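target.cif, holding mmCIF, C-alpha atoms:
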data_coords
loop_
_atom_site.group_PDB
_atom_site.id
_atom_site.type_symbol
_atom_site.label_atom_id
_atom_site.label_comp_id
_atom_site.auth_asym_id
_atom_site.auth_seq_id
_atom_site.Cartn_x
_atom_site.Cartn_y
_atom_site.Cartn_z
ATOM 1 C CA MET A 86 67.541 -9.451 20.121
ATOM 2 C CA THR A 87 68.743 -9.910 23.670
ATOM 3 C CA TYR A 88 66.754 -8.123 26.309
ATOM 4 C CA PHE A 89 68.518 -6.686 29.309
ATOM 5 C CA PRO A 90 66.440 -6.148 32.424
ATOM 6 C CA HIS A 91 66.291 -2.649 33.798
ATOM 7 C CA GLU A 92 65.210 -1.560 37.203
ATOM 8 C CA LEU A 93 62.814 1.364 37.281
ATOM 9 C CA THR A 94 65.573 3.616 38.586
ATOM 10 C CA GLU A 95 67.646 2.729 35.505
ATOM 11 C CA GLU A 96 64.721 3.412 33.193
ATOM 12 C CA PHE A 97 63.870 6.691 34.917
ATOM 13 C CA PRO A 98 67.009 7.884 36.746
ATOM 14 C CA GLU A 99 65.624 11.409 37.067
ATOM 15 C CA PHE A 100 62.773 9.989 39.181
ATOM 16 C CA ALA A 101 64.827 7.690 41.446
ATOM 17 C CA GLY A 102 63.791 9.497 44.624
ATOM 18 C CA ARG A 103 60.138 9.656 43.608
ATOM 19 C CA ILE A 104 60.159 5.957 42.729
ATOM 20 C CA HIS A 105 61.416 5.110 46.208
ATOM 21 C CA VAL A 106 58.797 7.297 47.894
ATOM 22 C CA LEU A 107 55.923 5.999 45.779
ATOM 23 C CA LYS A 108 56.903 2.374 46.374
ATOM 24 C CA GLU A 109 56.567 2.996 50.094
ATOM 25 C CA THR A 110 53.515 5.257 50.124
ATOM 26 C CA ASP A 111 51.318 4.263 47.171
ATOM 27 C CA ALA A 112 49.974 0.698 47.126
ATOM 28 C CA HIS A 113 48.975 0.906 43.443
ATOM 29 C CA PHE A 114 52.429 2.131 42.411
ATOM 30 C CA HIS A 115 54.035 -0.571 44.552
ATOM 31 C CA ARG A 116 51.958 -3.249 42.787
ATOM 32 C CA LEU A 117 52.827 -1.845 39.352
ATOM 33 C CA ALA A 118 56.532 -1.734 40.213
ATOM 34 C CA ASN A 119 56.424 -5.356 41.356
ATOM 35 C CA GLU A 120 54.604 -6.421 38.180
ATOM 36 C CA TYR A 121 57.149 -4.501 36.100
ATOM 37 C CA GLN A 122 60.037 -6.259 37.833
ATOM 38 C CA GLU A 123 58.404 -9.682 37.426
ATOM 39 C CA ILE A 124 57.682 -9.230 33.710
ATOM 40 C CA ASN A 125 61.283 -8.100 33.217
ATOM 41 C CA LYS A 126 62.480 -11.381 34.736
ATOM 42 C CA GLN A 127 60.080 -13.437 32.634
ATOM 43 C CA ILE A 128 61.184 -11.752 29.403
ATOM 44 C CA VAL A 129 64.867 -12.326 30.172
ATOM 45 C CA LEU A 130 64.290 -15.985 31.035
ATOM 46 C CA ALA A 131 62.332 -16.490 27.819
ATOM 47 C CA GLU A 132 64.913 -14.745 25.650
ATOM 48 C CA GLN A 133 67.768 -16.675 27.218
ATOM 49 C CA GLU A 134 65.736 -19.850 26.679
ATOM 50 C CA VAL A 135 65.889 -20.721 30.367
ATOM 51 C CA GLN A 136 62.096 -20.814 30.228
ATOM 52 C CA PRO A 137 61.370 -21.021 26.499
ATOM 53 C CA THR A 138 58.084 -19.716 25.179
ATOM 54 C CA ASP A 139 56.536 -19.118 21.804
ATOM 55 C CA ASP A 140 56.811 -15.836 19.930
ATOM 56 C CA PHE A 141 53.200 -14.882 20.625
ATOM 57 C CA HIS A 142 53.624 -15.184 24.378
ATOM 58 C CA LEU A 143 56.926 -13.298 24.311
ATOM 59 C CA GLU A 144 55.293 -10.503 22.304
ATOM 60 C CA ALA A 145 52.409 -10.361 24.791
ATOM 61 C CA MET A 146 54.880 -10.070 27.678
ATOM 62 C CA ARG A 147 56.709 -7.242 25.904
ATOM 63 C CA LYS A 148 53.430 -5.396 25.366
ATOM 64 C CA GLN A 149 52.525 -5.844 29.028
ATOM 65 C CA HIS A 150 55.973 -4.508 29.953
ATOM 66 C CA LEU A 151 55.396 -1.382 27.835
ATOM 67 C CA ARG A 152 51.906 -0.817 29.287
ATOM 68 C CA LEU A 153 53.310 -1.029 32.805
ATOM 69 C CA LYS A 154 56.179 1.292 31.938
ATOM 70 C CA ASP A 155 53.774 3.850 30.445
ATOM 71 C CA GLU A 156 51.477 3.754 33.473
ATOM 72 C CA ILE A 157 54.410 4.039 35.870
ATOM 73 C CA PHE A 158 55.841 6.967 33.921
ATOM 74 C CA GLY A 159 52.470 8.710 34.053
ATOM 75 C CA MET A 160 52.395 8.345 37.816
ATOM 76 C CA LEU A 161 55.950 9.608 38.141
ATOM 77 C CA ARG A 162 55.181 12.745 36.124
ATOM 78 C CA ALA A 163 52.006 13.537 38.090
#
Could you rewrite the structure in this file as structure tokens?
Amino acid sequence: MTYFPHELTEEFPEFAGRIHVLKETDAHFHRLANEYQEINKQIVLAEQEVQPTDDFHLEAMRKQHLRLKDEIFGMLRA
């Protein structure tokens, strides 16, 4: 399966404005957004075998990605 990176505004288009505001006003949200972006890049590089990794590490990165996405979504809905 090929993974395509998505920016937070693509994942949550209905919250695009809120994402922008929170990135600038909430340090925790800003950190989560940066981590989300970085894990996206790492997953793509691993799947495209630019930076190969084993299946266990790739699965761990995917789980981290989902945890970040869930936490970000919770903050957006609040």
Handout entry: Matched chain/residue IDs from the PyMOL selection byres ((chain A and resi 90-98) around 8), as number ranges by chain
Key = A: 88-89, 99-101, 104, 118, 122, 125-126, 129
Output the selection as an mmCIF file, in the frame of the given file - C-alpha atoms for each residue.
data_model
loop_
_atom_site.group_PDB
_atom_site.id
_atom_site.type_symbol
_atom_site.label_atom_id
_atom_site.label_comp_id
_atom_site.auth_asym_id
_atom_site.auth_seq_id
_atom_site.Cartn_x
_atom_site.Cartn_y
_atom_site.Cartn_z
ATOM 1 C CA TYR A 88 66.754 -8.123 26.309
ATOM 2 C CA PHE A 89 68.518 -6.686 29.309
ATOM 3 C CA GLU A 99 65.624 11.409 37.067
ATOM 4 C CA PHE A 100 62.773 9.989 39.181
ATOM 5 C CA ALA A 101 64.827 7.690 41.446
ATOM 6 C CA ILE A 104 60.159 5.957 42.729
ATOM 7 C CA ALA A 118 56.532 -1.734 40.213
ATOM 8 C CA GLN A 122 60.037 -6.259 37.833
ATOM 9 C CA ASN A 125 61.283 -8.100 33.217
ATOM 10 C CA LYS A 126 62.480 -11.381 34.736
ATOM 11 C CA VAL A 129 64.867 -12.326 30.172
#
Exercise for the section: Please provide as a ChimeraX atom specification all residues within 9 Å of A:Arg147, with the sequence filter that same-chain residues fewer than 4 positions apart are discarded (counting all atoms listed in the file). Expected result: /A:124-125,128,142-143,151-152
Problem - Closest of A:Leu153, A:Leu107, A:Glu134, A:Phe158 to A:Glu120 - atom-to-atom distances counting only C-alpha atoms - result: A:Leu153
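The protein and nucleic acid residues lying at most 10 Å from A:Met160 are Arg103, Ile104, Leu107, His113, Phe114, Lys154, Asp155, Glu156, Ile157, Phe158, Arg162 and Ala163 of chain A, with all atoms listed in the file considered and sequence neighbours fewer than 2 positions away removed.
For the pair atom CA of A:Val106 and atom CA of A:Lys148, the separation is 26.4 Å.
Distance annotation: of A:Val135, A:Leu130, A:Ala145, A:Leu161, the residue with the minimal separation from A:Leu117 is A:Leu161; atom set is only C-alpha atoms.
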Handout entry: Straight-line distance linking atom CA of A:Thr110 with atom CA of A:Gln149, stated in Å to one decimal
Key =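 These atoms are spaced 23.9 Å apart.
Of the residues listed (A:Glu109, A:Gly159, A:Arg116, A:Glu123), A:Glu123 shows the shortest atom-to-atom separation from A:Met146; distances use only C-alpha atoms.
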Exercise for the section: Report the distance between atom CA of A:Tyr121 and atom CA of A:His105 in Å, rounded to one decimal place. Expected result: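 Between atom CA of A:Tyr121 and atom CA of A:His105 the gap works out to 14.6 Å.
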